[in-house]
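For reference, the structure discussed in these notes is given below.
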Amino acid sequence: MIETTQLPNGVRVITRQLPQRRSAALGVWLRNGTRHEAVHESGYAHLLEHLLFKGTTELSAAELARRFDAMGGQVNAFTGRELTAYHGLVPAGDVPELLRLFIAMLRRPRFTDADLAVEKQVVFQEMAMVEDSPEEALEELGIARAWRDHPMGRPVLGEREQLALADAAGVRGYLDSILRGERLYIVAVGEVDHAALVEAAQALADLPIAAAVGAQPPVFYPGHYIEEGGGEQTPLLWLLPCPTPTDPDYYAAVMANHLLGGGGSSRLFQALRENSGLVYGIQSRLEPYSDTGLWLIQTACDPRQADRCRHAVEDTVAELLAKDVSRDELEMTRRYVEAGLLIEDDDPEASMERLARESIYLQNHPSLEERLARLREVGPAQLRAALARAWEKQVYMSAS
């Protein structure tokens, strides 16, 4: 059963009972990310994620870490292009305390300029790791090209020049500006007490009500780009626009994504890995957002085989667009995606994330049966049409 309570200022508490579980997943989700940063705040959302673990006015960073470790679970956070989440999987009885600690981090952080200097260096190391990964570096560059002149096109880690200028007072001001009731979602799944979490959430009841204000949807700019490479492998990337979770094409895109590059039986894996040995691996994935999205196809190959590899991918897509998918292949794809939904439904962490994204992007929670029914409605023509609409706007990139 899913329960939802909304505080007068917009803070939402959403819980789902999974009876007879000894663990539970909790997430505090904030509608904030790269999308909501001004140019001079580039990277602040991610930097803030680091800084909030530096402790609270009551607890030092070490004491806060010990509190988390005492729960014996897993506590972490992530920042994306439009969402940030502080989350954990802990024994069910520790969920209210975990929520209280997350709220204290948000409301009463203790980070200083000295802490900021340390975390800047950590973030700079993260940037260096991306730069040393040809696939990740090409992905960042591709997104910047596809969503040019828009905050969603900036790197989540930020721009080094802007982060170098950041100080604790400025980041605190940024936190004060984004911490609003309508932007906060508290989501828990497992053997959880909804009333206890609503009670703990009262510590957020005095936040202003204002909702998140983001930039207009980015325009997707198609194009083909060849960058300088020089490594042992040449990364290849195709970026396509992805339907949003509310788009009628969404479930068709989910099906097309898996059929194309979502598993060992997918067409791209079979064509490039199993049949020709051109690549070690190839993947296709969707990143849907509130009013836009990305569909990414990525692989890497011997530089001498880059042209052949590119043509193999594009020929595979062309074949899928030109001929109907067989009933057996469509059914195998559907069974795989359905199995993923069933497994996710039993997983507290995956279920917690799904509930959060549904609350933010759909404002409702379709049942498992409803989601399975939507998948079963997807036929070959709808699948091909969703892929065709995306493929005609592609960005292609390689580094050779």
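Following the order of the structure tokens, chains are lettered A, B, ..., residues in each are numbered from 1, and ligands are numbered from 1.
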
*Could you give me, as a PyMOL selection string, the residues within 8 Å of Thr84 of chain A, counting only C-alpha atoms and dropping anything in the same chain fewer than 2 positions from it?*
chain A and resi 29-33+45+49+77-80+82+86

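Residues in contact with segment 99-105 of chain A at up to 9 Å, not including ones fewer than 5 positions away on its chain and judged by only C-alpha atoms, are Leu26, Gly27, Val28, Leu52, Phe53, Lys54, Gly55, Thr56, Thr57, Glu58, Leu64, Arg67, Phe68, Tyr86, His87, Asp94, Arg110, Ile186, Leu197, Ala200, Ala201, Ala203 and Leu204 of chain A.
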
Using C-alpha atoms, can you export the residues from the last selection as a PDB file, in the first residue's frame?
ATOM      1  CA  LEU A  26      14.637   5.960   2.510  1.00  0.00           C
ATOM      2  CA  GLY A  27      15.356   8.842   0.174  1.00  0.00           C
ATOM      3  CA  VAL A  28      15.113  12.583   0.612  1.00  0.00           C
ATOM      4  CA  LEU A  52      26.352  18.260   3.596  1.00  0.00           C
ATOM      5  CA  PHE A  53      28.206  15.148   4.788  1.00  0.00           C
ATOM      6  CA  LYS A  54      30.668  17.420   6.610  1.00  0.00           C
ATOM      7  CA  GLY A  55      28.362  17.363   9.622  1.00  0.00           C
ATOM      8  CA  THR A  56      25.652  19.361  11.323  1.00  0.00           C
ATOM      9  CA  THR A  57      25.704  21.983  14.043  1.00  0.00           C
ATOM     10  CA  GLU A  58      25.289  19.115  16.533  1.00  0.00           C
ATOM     11  CA  LEU A  64      27.758  11.854  11.538  1.00  0.00           C
ATOM     12  CA  ARG A  67      25.828   7.454  13.237  1.00  0.00           C
ATOM     13  CA  PHE A  68      25.392   6.177   9.711  1.00  0.00           C
ATOM     14  CA  TYR A  86      20.157  11.582  -0.123  1.00  0.00           C
ATOM     15  CA  HIS A  87      19.314   7.949   0.433  1.00  0.00           C
ATOM     16  CA  ASP A  94      16.393   3.070  11.910  1.00  0.00           C
ATOM     17  CA  ARG A 110      28.345  23.034   9.466  1.00  0.00           C
ATOM     18  CA  ILE A 186      10.570  12.039   1.420  1.00  0.00           C
ATOM     19  CA  LEU A 197       8.004   9.751   9.088  1.00  0.00           C
ATOM     20  CA  ALA A 200       9.873  13.575  11.646  1.00  0.00           C
ATOM     21  CA  ALA A 201       9.153  15.630   8.513  1.00  0.00           C
ATOM     22  CA  ALA A 203      11.151  19.681  11.029  1.00  0.00           C
ATOM     23  CA  LEU A 204      10.734  20.883   7.424  1.00  0.00           C
TER      24      LEU A 204
END

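Using only C-alpha atoms for every distance, the candidate list A:Tyr361, A:Tyr336, A:Phe124, A:Phe111 yields A:Phe124 as the residue closest to Arg160 of chain A.
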
*asked:* Applying 10 Å and only C-alpha atoms, which residues near Ala117 of chain A remain after dropping the ones on its own chain fewer than 4 positions away? List them as an MDAnalysis selection string.
replied: chainID A and resid 112:113 121:122 164 166:168

Selection file, C-alpha atoms, as a tab-separated table (two decimals), in the first residue's frame:
chain	number	residue	atom	x	y	z
A	112	THR	CA	33.38	25.81	6.44
A	113	ASP	CA	35.70	27.33	3.85
A	121	GLN	CA	39.94	19.03	-4.58
A	122	VAL	CA	37.80	15.88	-4.39
A	164	ALA	CA	37.45	27.52	-8.05
A	166	ALA	CA	33.14	29.21	-4.77
A	167	ASP	CA	33.19	30.01	-1.05
A	168	ALA	CA	31.19	28.63	1.87

Would you give me, as a CSV table (one decimal) with N, CA, C and O atoms, in the first residue's frame, the residues in segment 62-299 of chain A that DSSP reads as alpha helix (DSSP H)?
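Result file is out_6.csv:
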chain,number,residue,atom,x,y,z
A,62,ALA,N,32.8,13.3,11.4
A,62,ALA,CA,33.2,11.9,11.9
A,62,ALA,C,32.0,11.4,12.7
A,62,ALA,O,31.7,10.2,12.6
A,63,GLU,N,31.4,12.2,13.6
A,63,GLU,CA,30.3,11.7,14.4
A,63,GLU,C,29.1,11.4,13.5
A,63,GLU,O,28.4,10.4,13.7
A,64,LEU,N,28.9,12.2,12.5
A,64,LEU,CA,27.8,11.9,11.5
A,64,LEU,C,28.0,10.5,10.8
A,64,LEU,O,27.1,9.7,10.7
A,65,ALA,N,29.3,10.3,10.4
A,65,ALA,CA,29.6,9.1,9.7
A,65,ALA,C,29.4,7.9,10.7
A,65,ALA,O,29.0,6.8,10.3
A,66,ARG,N,29.8,8.1,12.0
A,66,ARG,CA,29.6,7.0,12.9
A,66,ARG,C,28.1,6.7,13.1
A,66,ARG,O,27.7,5.5,13.3
A,67,ARG,N,27.3,7.7,13.1
A,67,ARG,CA,25.8,7.5,13.2
A,67,ARG,C,25.3,6.6,12.1
A,67,ARG,O,24.5,5.7,12.2
A,68,PHE,N,25.8,7.0,10.9
A,68,PHE,CA,25.4,6.2,9.7
A,68,PHE,C,25.9,4.7,9.8
A,68,PHE,O,25.2,3.8,9.5
A,69,ASP,N,27.2,4.6,10.2
A,69,ASP,CA,27.8,3.3,10.2
A,69,ASP,C,27.1,2.4,11.3
A,69,ASP,O,27.0,1.2,11.1
A,70,ALA,N,26.6,3.0,12.4
A,70,ALA,CA,26.0,2.3,13.4
A,70,ALA,C,24.7,1.6,13.0
A,70,ALA,O,24.2,0.7,13.5
A,95,VAL,N,14.9,3.9,10.2
A,95,VAL,CA,14.5,4.8,9.1
A,95,VAL,C,14.1,6.2,9.7
A,95,VAL,O,14.6,7.2,9.2
A,96,PRO,N,13.3,6.3,10.8
A,96,PRO,CA,13.0,7.7,11.3
A,96,PRO,C,14.3,8.4,11.7
A,96,PRO,O,14.4,9.6,11.5
A,97,GLU,N,15.3,7.7,12.3
A,97,GLU,CA,16.5,8.4,12.7
A,97,GLU,C,17.3,8.8,11.5
A,97,GLU,O,17.9,9.9,11.5
A,98,LEU,N,17.3,8.0,10.5
A,98,LEU,CA,18.0,8.3,9.2
A,98,LEU,C,17.4,9.6,8.6
A,98,LEU,O,18.1,10.5,8.2
A,99,LEU,N,16.1,9.7,8.6
A,99,LEU,CA,15.4,10.9,8.1
A,99,LEU,C,15.8,12.1,9.0
A,99,LEU,O,16.1,13.2,8.4
A,100,ARG,N,15.9,12.0,10.3
A,100,ARG,CA,16.2,13.1,11.1
A,100,ARG,C,17.6,13.6,10.8
A,100,ARG,O,17.9,14.8,10.8
A,101,LEU,N,18.5,12.6,10.5
A,101,LEU,CA,19.9,13.0,10.2
A,101,LEU,C,20.0,13.7,8.9
A,101,LEU,O,20.7,14.7,8.7
A,102,PHE,N,19.3,13.2,7.9
A,102,PHE,CA,19.2,13.9,6.6
A,102,PHE,C,18.7,15.3,6.7
A,102,PHE,O,19.2,16.3,6.1
A,103,ILE,N,17.6,15.5,7.5
A,103,ILE,CA,17.0,16.8,7.7
A,103,ILE,C,18.0,17.7,8.4
A,103,ILE,O,18.2,18.9,8.0
A,104,ALA,N,18.7,17.2,9.4
A,104,ALA,CA,19.7,18.0,10.1
A,104,ALA,C,20.8,18.5,9.1
A,104,ALA,O,21.3,19.6,9.1
A,105,MET,N,21.2,17.6,8.2
A,105,MET,CA,22.3,18.0,7.2
A,105,MET,C,21.8,19.1,6.3
A,105,MET,O,22.5,20.0,6.0
A,106,LEU,N,20.5,19.0,5.9
A,106,LEU,CA,20.0,20.1,5.0
A,106,LEU,C,19.7,21.4,5.8
A,106,LEU,O,19.9,22.5,5.2
A,107,ARG,N,19.2,21.3,7.0
A,107,ARG,CA,18.8,22.5,7.7
A,107,ARG,C,19.9,23.1,8.5
A,107,ARG,O,19.9,24.3,8.8
A,113,ASP,N,34.9,27.1,5.0
A,113,ASP,CA,35.7,27.3,3.8
A,113,ASP,C,36.8,26.3,3.8
A,113,ASP,O,37.2,25.9,2.7
A,114,ALA,N,37.3,25.8,4.9
A,114,ALA,CA,38.3,24.8,4.9
A,114,ALA,C,37.7,23.5,4.4
A,114,ALA,O,38.4,22.8,3.6
A,115,ASP,N,36.5,23.1,4.8
A,115,ASP,CA,35.8,21.9,4.2
A,115,ASP,C,35.6,22.1,2.7
A,115,ASP,O,35.8,21.2,1.9
A,116,LEU,N,35.2,23.3,2.3
A,116,LEU,CA,35.0,23.6,0.9
A,116,LEU,C,36.3,23.4,0.1
A,116,LEU,O,36.3,22.8,-1.0
A,117,ALA,N,37.4,23.8,0.6
A,117,ALA,CA,38.7,23.7,-0.1
A,117,ALA,C,39.0,22.2,-0.3
A,117,ALA,O,39.5,21.8,-1.4
A,118,VAL,N,38.7,21.4,0.7
A,118,VAL,CA,39.0,19.9,0.6
A,118,VAL,C,38.1,19.3,-0.5
A,118,VAL,O,38.5,18.6,-1.3
A,119,GLU,N,36.8,19.6,-0.4
A,119,GLU,CA,35.8,19.0,-1.3
A,119,GLU,C,36.0,19.5,-2.8
A,119,GLU,O,35.7,18.8,-3.7
A,120,LYS,N,36.5,20.7,-2.9
A,120,LYS,CA,36.8,21.2,-4.3
A,120,LYS,C,37.9,20.2,-4.9
A,120,LYS,O,37.8,19.8,-6.0
A,121,GLN,N,38.9,19.9,-4.1
A,121,GLN,CA,39.9,19.0,-4.6
A,121,GLN,C,39.4,17.6,-4.9
A,121,GLN,O,39.8,17.0,-5.9
A,122,VAL,N,38.4,17.2,-4.1
A,122,VAL,CA,37.8,15.9,-4.4
A,122,VAL,C,37.1,16.0,-5.7
A,122,VAL,O,37.2,15.0,-6.6
A,123,VAL,N,36.3,17.0,-5.9
A,123,VAL,CA,35.6,17.2,-7.2
A,123,VAL,C,36.5,17.3,-8.4
A,123,VAL,O,36.3,16.8,-9.4
A,124,PHE,N,37.6,18.1,-8.2
A,124,PHE,CA,38.6,18.2,-9.3
A,124,PHE,C,39.2,16.8,-9.6
A,124,PHE,O,39.5,16.5,-10.8
A,125,GLN,N,39.3,15.9,-8.6
A,125,GLN,CA,39.7,14.6,-8.9
A,125,GLN,C,38.7,13.8,-9.7
A,125,GLN,O,39.0,13.0,-10.6
A,126,GLU,N,37.4,14.0,-9.4
A,126,GLU,CA,36.3,13.4,-10.1
A,126,GLU,C,36.4,13.9,-11.6
A,126,GLU,O,36.2,13.1,-12.5
A,127,MET,N,36.6,15.2,-11.8
A,127,MET,CA,36.7,15.7,-13.1
A,127,MET,C,37.8,15.1,-13.9
A,127,MET,O,37.7,14.7,-15.1
A,128,ALA,N,39.0,14.9,-13.2
A,128,ALA,CA,40.1,14.2,-13.8
A,128,ALA,C,39.8,12.8,-14.2
A,128,ALA,O,40.3,12.3,-15.3
A,129,MET,N,39.0,12.1,-13.4
A,129,MET,CA,38.7,10.7,-13.8
A,129,MET,C,37.8,10.7,-15.0
A,129,MET,O,37.9,9.8,-15.9
A,130,VAL,N,36.9,11.7,-15.1
A,130,VAL,CA,36.0,11.8,-16.3
A,130,VAL,C,36.9,12.1,-17.6
A,130,VAL,O,36.8,11.4,-18.6
A,131,GLU,N,37.8,13.0,-17.4
A,131,GLU,CA,38.7,13.4,-18.5
A,131,GLU,C,39.6,12.2,-18.9
A,131,GLU,O,39.9,12.1,-20.1
A,134,PRO,N,37.7,8.1,-21.9
A,134,PRO,CA,37.3,8.6,-23.2
A,134,PRO,C,35.8,8.5,-23.4
A,134,PRO,O,35.2,9.4,-23.9
A,135,GLU,N,35.2,7.4,-22.9
A,135,GLU,CA,33.7,7.3,-23.1
A,135,GLU,C,33.0,8.3,-22.3
A,135,GLU,O,32.0,9.0,-22.8
A,136,GLU,N,33.3,8.6,-21.0
A,136,GLU,CA,32.7,9.6,-20.2
A,136,GLU,C,32.9,11.0,-20.7
A,136,GLU,O,32.0,11.8,-20.8
A,137,ALA,N,34.1,11.2,-21.1
A,137,ALA,CA,34.4,12.6,-21.6
A,137,ALA,C,33.6,12.9,-22.9
A,137,ALA,O,33.1,14.0,-23.1
A,138,LEU,N,33.5,11.8,-23.8
A,138,LEU,CA,32.8,12.0,-25.0
A,138,LEU,C,31.3,12.2,-24.7
A,138,LEU,O,30.6,13.0,-25.4
A,139,GLU,N,30.8,11.5,-23.7
A,139,GLU,CA,29.4,11.7,-23.4
A,139,GLU,C,29.1,13.1,-22.9
A,139,GLU,O,28.1,13.7,-23.3
A,140,GLU,N,30.0,13.6,-22.1
A,140,GLU,CA,29.8,15.0,-21.6
A,140,GLU,C,29.8,16.0,-22.7
A,140,GLU,O,29.0,16.9,-22.8
A,141,LEU,N,30.7,15.8,-23.7
A,141,LEU,CA,30.9,16.7,-24.8
A,141,LEU,C,29.7,16.6,-25.7
A,141,LEU,O,29.1,17.6,-26.2
A,142,GLY,N,29.2,15.3,-25.9
A,142,GLY,CA,28.0,15.1,-26.7
A,142,GLY,C,26.8,15.8,-26.2
A,142,GLY,O,26.0,16.4,-26.9
A,143,ILE,N,26.6,15.7,-24.9
A,143,ILE,CA,25.4,16.3,-24.3
A,143,ILE,C,25.5,17.8,-24.4
A,143,ILE,O,24.5,18.5,-24.6
A,144,ALA,N,26.7,18.4,-24.2
A,144,ALA,CA,26.9,19.8,-24.4
A,144,ALA,C,26.6,20.3,-25.8
A,144,ALA,O,26.1,21.3,-26.0
A,145,ARG,N,26.9,19.4,-26.8
A,145,ARG,CA,26.6,19.7,-28.2
A,145,ARG,C,25.1,19.6,-28.5
A,145,ARG,O,24.5,20.5,-29.2
A,146,ALA,N,24.5,18.6,-27.9
A,146,ALA,CA,23.1,18.4,-28.2
A,146,ALA,C,22.2,19.4,-27.5
A,146,ALA,O,21.2,19.8,-28.1
A,160,ARG,N,35.2,23.9,-13.9
A,160,ARG,CA,36.4,24.1,-13.0
A,160,ARG,C,36.5,25.6,-12.6
A,160,ARG,O,36.8,25.9,-11.4
A,161,GLU,N,36.4,26.5,-13.5
A,161,GLU,CA,36.7,27.9,-13.3
A,161,GLU,C,35.7,28.5,-12.3
A,161,GLU,O,36.0,29.3,-11.4
A,162,GLN,N,34.4,28.1,-12.4
A,162,GLN,CA,33.4,28.6,-11.5
A,162,GLN,C,33.6,28.0,-10.1
A,162,GLN,O,33.4,28.6,-9.1
A,163,LEU,N,33.9,26.7,-10.0
A,163,LEU,CA,34.0,26.0,-8.7
A,163,LEU,C,35.2,26.6,-8.0
A,163,LEU,O,35.2,26.7,-6.7
A,164,ALA,N,36.3,26.9,-8.7
A,164,ALA,CA,37.5,27.5,-8.0
A,164,ALA,C,37.1,28.8,-7.3
A,164,ALA,O,37.8,29.1,-6.3
A,165,LEU,N,36.1,29.5,-7.7
A,165,LEU,CA,35.7,30.8,-7.1
A,165,LEU,C,34.7,30.6,-6.0
A,165,LEU,O,34.4,31.6,-5.2
A,168,ALA,N,32.2,29.2,1.0
A,168,ALA,CA,31.2,28.6,1.9
A,168,ALA,C,29.9,29.5,1.9
A,168,ALA,O,28.8,29.0,1.9
A,169,ALA,N,30.1,30.8,2.0
A,169,ALA,CA,29.0,31.7,2.1
A,169,ALA,C,28.1,31.6,0.9
A,169,ALA,O,26.9,31.6,1.0
A,170,GLY,N,28.8,31.6,-0.3
A,170,GLY,CA,28.0,31.5,-1.5
A,170,GLY,C,27.3,30.2,-1.6
A,170,GLY,O,26.1,30.1,-2.1
A,171,VAL,N,27.9,29.1,-1.2
A,171,VAL,CA,27.2,27.8,-1.3
A,171,VAL,C,26.1,27.7,-0.3
A,171,VAL,O,25.0,27.1,-0.6
A,172,ARG,N,26.2,28.3,0.9
A,172,ARG,CA,25.1,28.4,1.8
A,172,ARG,C,24.0,29.2,1.3
A,172,ARG,O,22.8,28.8,1.5
A,173,GLY,N,24.3,30.3,0.6
A,173,GLY,CA,23.2,31.1,0.0
A,173,GLY,C,22.5,30.3,-1.1
A,173,GLY,O,21.3,30.4,-1.2
A,174,TYR,N,23.2,29.5,-1.8
A,174,TYR,CA,22.6,28.6,-2.8
A,174,TYR,C,21.7,27.6,-2.2
A,174,TYR,O,20.6,27.4,-2.6
A,175,LEU,N,22.1,27.0,-1.1
A,175,LEU,CA,21.3,26.1,-0.3
A,175,LEU,C,20.0,26.7,0.1
A,175,LEU,O,18.9,26.2,0.0
A,176,ASP,N,20.2,27.9,0.7
A,176,ASP,CA,19.0,28.6,1.2
A,176,ASP,C,18.0,28.9,0.1
A,176,ASP,O,16.8,28.9,0.3
A,177,SER,N,18.5,29.2,-1.1
A,177,SER,CA,17.6,29.5,-2.2
A,177,SER,C,16.9,28.3,-2.8
A,177,SER,O,15.8,28.5,-3.4
A,178,ILE,N,17.4,27.1,-2.6
A,178,ILE,CA,16.8,26.0,-3.3
A,178,ILE,C,15.9,25.1,-2.3
A,178,ILE,O,15.1,24.3,-2.7
A,194,HIS,N,4.5,5.1,8.4
A,194,HIS,CA,4.2,6.4,7.7
A,194,HIS,C,4.0,7.5,8.7
A,194,HIS,O,4.6,8.6,8.5
A,195,ALA,N,3.2,7.3,9.7
A,195,ALA,CA,3.0,8.4,10.7
A,195,ALA,C,4.3,8.9,11.4
A,195,ALA,O,4.4,10.1,11.6
A,196,ALA,N,5.2,8.0,11.6
A,196,ALA,CA,6.4,8.4,12.3
A,196,ALA,C,7.3,9.2,11.3
A,196,ALA,O,7.9,10.2,11.8
A,197,LEU,N,7.2,8.9,10.0
A,197,LEU,CA,8.0,9.8,9.1
A,197,LEU,C,7.4,11.1,8.9
A,197,LEU,O,8.0,12.1,8.7
A,198,VAL,N,6.0,11.2,8.9
A,198,VAL,CA,5.3,12.4,8.8
A,198,VAL,C,5.7,13.3,10.0
A,198,VAL,O,5.9,14.5,9.9
A,199,GLU,N,5.8,12.7,11.2
A,199,GLU,CA,6.1,13.4,12.4
A,199,GLU,C,7.6,13.9,12.3
A,199,GLU,O,7.8,15.1,12.6
A,200,ALA,N,8.5,13.1,11.8
A,200,ALA,CA,9.9,13.6,11.6
A,200,ALA,C,10.0,14.7,10.6
A,200,ALA,O,10.8,15.6,10.7
A,201,ALA,N,9.1,14.6,9.6
A,201,ALA,CA,9.2,15.6,8.5
A,201,ALA,C,8.7,17.0,9.0
A,201,ALA,O,8.9,18.0,8.3
A,250,TYR,N,6.5,6.7,-24.5
A,250,TYR,CA,7.5,6.3,-23.5
A,250,TYR,C,7.7,4.8,-23.5
A,250,TYR,O,8.9,4.3,-23.5
A,251,TYR,N,6.6,4.0,-23.3
A,251,TYR,CA,6.8,2.6,-23.2
A,251,TYR,C,7.3,2.0,-24.5
A,251,TYR,O,8.0,0.9,-24.5
A,252,ALA,N,6.9,2.5,-25.6
A,252,ALA,CA,7.5,2.1,-26.9
A,252,ALA,C,9.0,2.3,-27.0
A,252,ALA,O,9.8,1.4,-27.4
A,253,ALA,N,9.5,3.4,-26.4
A,253,ALA,CA,10.9,3.7,-26.4
A,253,ALA,C,11.6,2.7,-25.4
A,253,ALA,O,12.7,2.3,-25.7
A,254,VAL,N,11.0,2.4,-24.3
A,254,VAL,CA,11.5,1.4,-23.4
A,254,VAL,C,11.7,0.1,-24.1
A,254,VAL,O,12.8,-0.6,-23.9
A,255,MET,N,10.7,-0.3,-24.8
A,255,MET,CA,10.8,-1.6,-25.5
A,255,MET,C,11.9,-1.5,-26.6
A,255,MET,O,12.7,-2.4,-26.8
A,256,ALA,N,11.9,-0.5,-27.4
A,256,ALA,CA,12.9,-0.3,-28.5
A,256,ALA,C,14.3,-0.3,-27.9
A,256,ALA,O,15.2,-0.8,-28.5
A,257,ASN,N,14.5,0.4,-26.8
A,257,ASN,CA,15.8,0.5,-26.2
A,257,ASN,C,16.3,-0.8,-25.9
A,257,ASN,O,17.5,-1.2,-26.1
A,258,HIS,N,15.5,-1.7,-25.3
A,258,HIS,CA,16.0,-3.0,-24.9
A,258,HIS,C,16.3,-3.9,-26.1
A,258,HIS,O,17.3,-4.6,-26.2
A,259,LEU,N,15.4,-3.9,-27.1
A,259,LEU,CA,15.5,-4.7,-28.2
A,259,LEU,C,16.8,-4.3,-29.0
A,259,LEU,O,17.5,-5.1,-29.5
A,260,LEU,N,17.1,-3.0,-29.0
A,260,LEU,CA,18.2,-2.5,-29.7
A,260,LEU,C,19.6,-2.8,-29.0
A,260,LEU,O,20.5,-3.3,-29.6
A,261,GLY,N,19.6,-2.5,-27.7
A,261,GLY,CA,20.9,-2.6,-27.0
A,261,GLY,C,20.8,-2.8,-25.6
A,261,GLY,O,21.7,-2.4,-24.8
A,267,ARG,N,19.9,-6.7,-30.6
A,267,ARG,CA,20.4,-6.7,-31.9
A,267,ARG,C,21.8,-6.1,-32.0
A,267,ARG,O,22.7,-6.6,-32.8
A,268,LEU,N,22.1,-5.0,-31.3
A,268,LEU,CA,23.4,-4.4,-31.4
A,268,LEU,C,24.5,-5.3,-30.8
A,268,LEU,O,25.6,-5.5,-31.3
A,269,PHE,N,24.2,-6.0,-29.7
A,269,PHE,CA,25.2,-6.8,-29.0
A,269,PHE,C,25.4,-8.0,-29.9
A,269,PHE,O,26.6,-8.5,-30.1

*Within 8 Å of segment 270-279 of chain A, counting only C-alpha atoms, which residues qualify if same-chain residues fewer than 6 places away don't, as a PyMOL selection string?*
chain A and resi 264+299-302+305+309+312-313+316

Output C-alpha atoms for every residue in that selection, as a PDB file, in the first residue's frame.
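Output contents, as saved in again35.pdb:
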ATOM      1  CA  GLY A 264      22.894 -10.055 -24.502  1.00  0.00           C
ATOM      2  CA  THR A 299      30.469   1.535 -27.503  1.00  0.00           C
ATOM      3  CA  ALA A 300      34.223   1.562 -28.139  1.00  0.00           C
ATOM      4  CA  CYS A 301      36.382  -0.260 -30.671  1.00  0.00           C
ATOM      5  CA  ASP A 302      39.823  -0.555 -32.237  1.00  0.00           C
ATOM      6  CA  GLN A 305      37.612  -0.499 -37.036  1.00  0.00           C
ATOM      7  CA  CYS A 309      31.738  -0.250 -36.229  1.00  0.00           C
ATOM      8  CA  ALA A 312      27.361  -1.764 -38.213  1.00  0.00           C
ATOM      9  CA  VAL A 313      25.420   0.211 -35.592  1.00  0.00           C
ATOM     10  CA  THR A 316      21.383  -2.443 -37.419  1.00  0.00           C
TER      11      THR A 316
END

*Suppose you want the space between atom CA of Ala390 of chain A and atom CA of Ala212 of chain A; what is it in Å?*
28.2 Å

*Using DSSP on the backbone, list every residue of segment 116-357 of chain A that comes out as strand (DSSP E or B), and give them as number ranges by chain.*
A: 184-190, 223-227, 234-241, 279-288, 293-301

_Could you check the closest approach to Asp132 of chain A for each of A:Pro19, A:Pro109, A:Gly229, A:Pro366 and tell me which residue wins, using only C-alpha atoms?_
A:Gly229

_Residue neighbourhood Pro241 of chain A, 9 Å, only C-alpha atoms, exclusion window fewer than 2 positions, as a list of chain:residue names_ = A:Phe220, A:Leu239, A:Pro243, A:Thr292, A:Gly293, A:Leu294, A:Trp295, A:Leu296, A:Arg389, A:Ala390, A:Trp391, A:Lys393, A:Gln394

*Name the residues in contact with Val325 of chain A at a cut-off of 9 Å, using only C-alpha atoms, excluding same-chain residues fewer than 6 positions from it; report them as a PyMOL selection string.*
chain A and resi 379-381+383-384
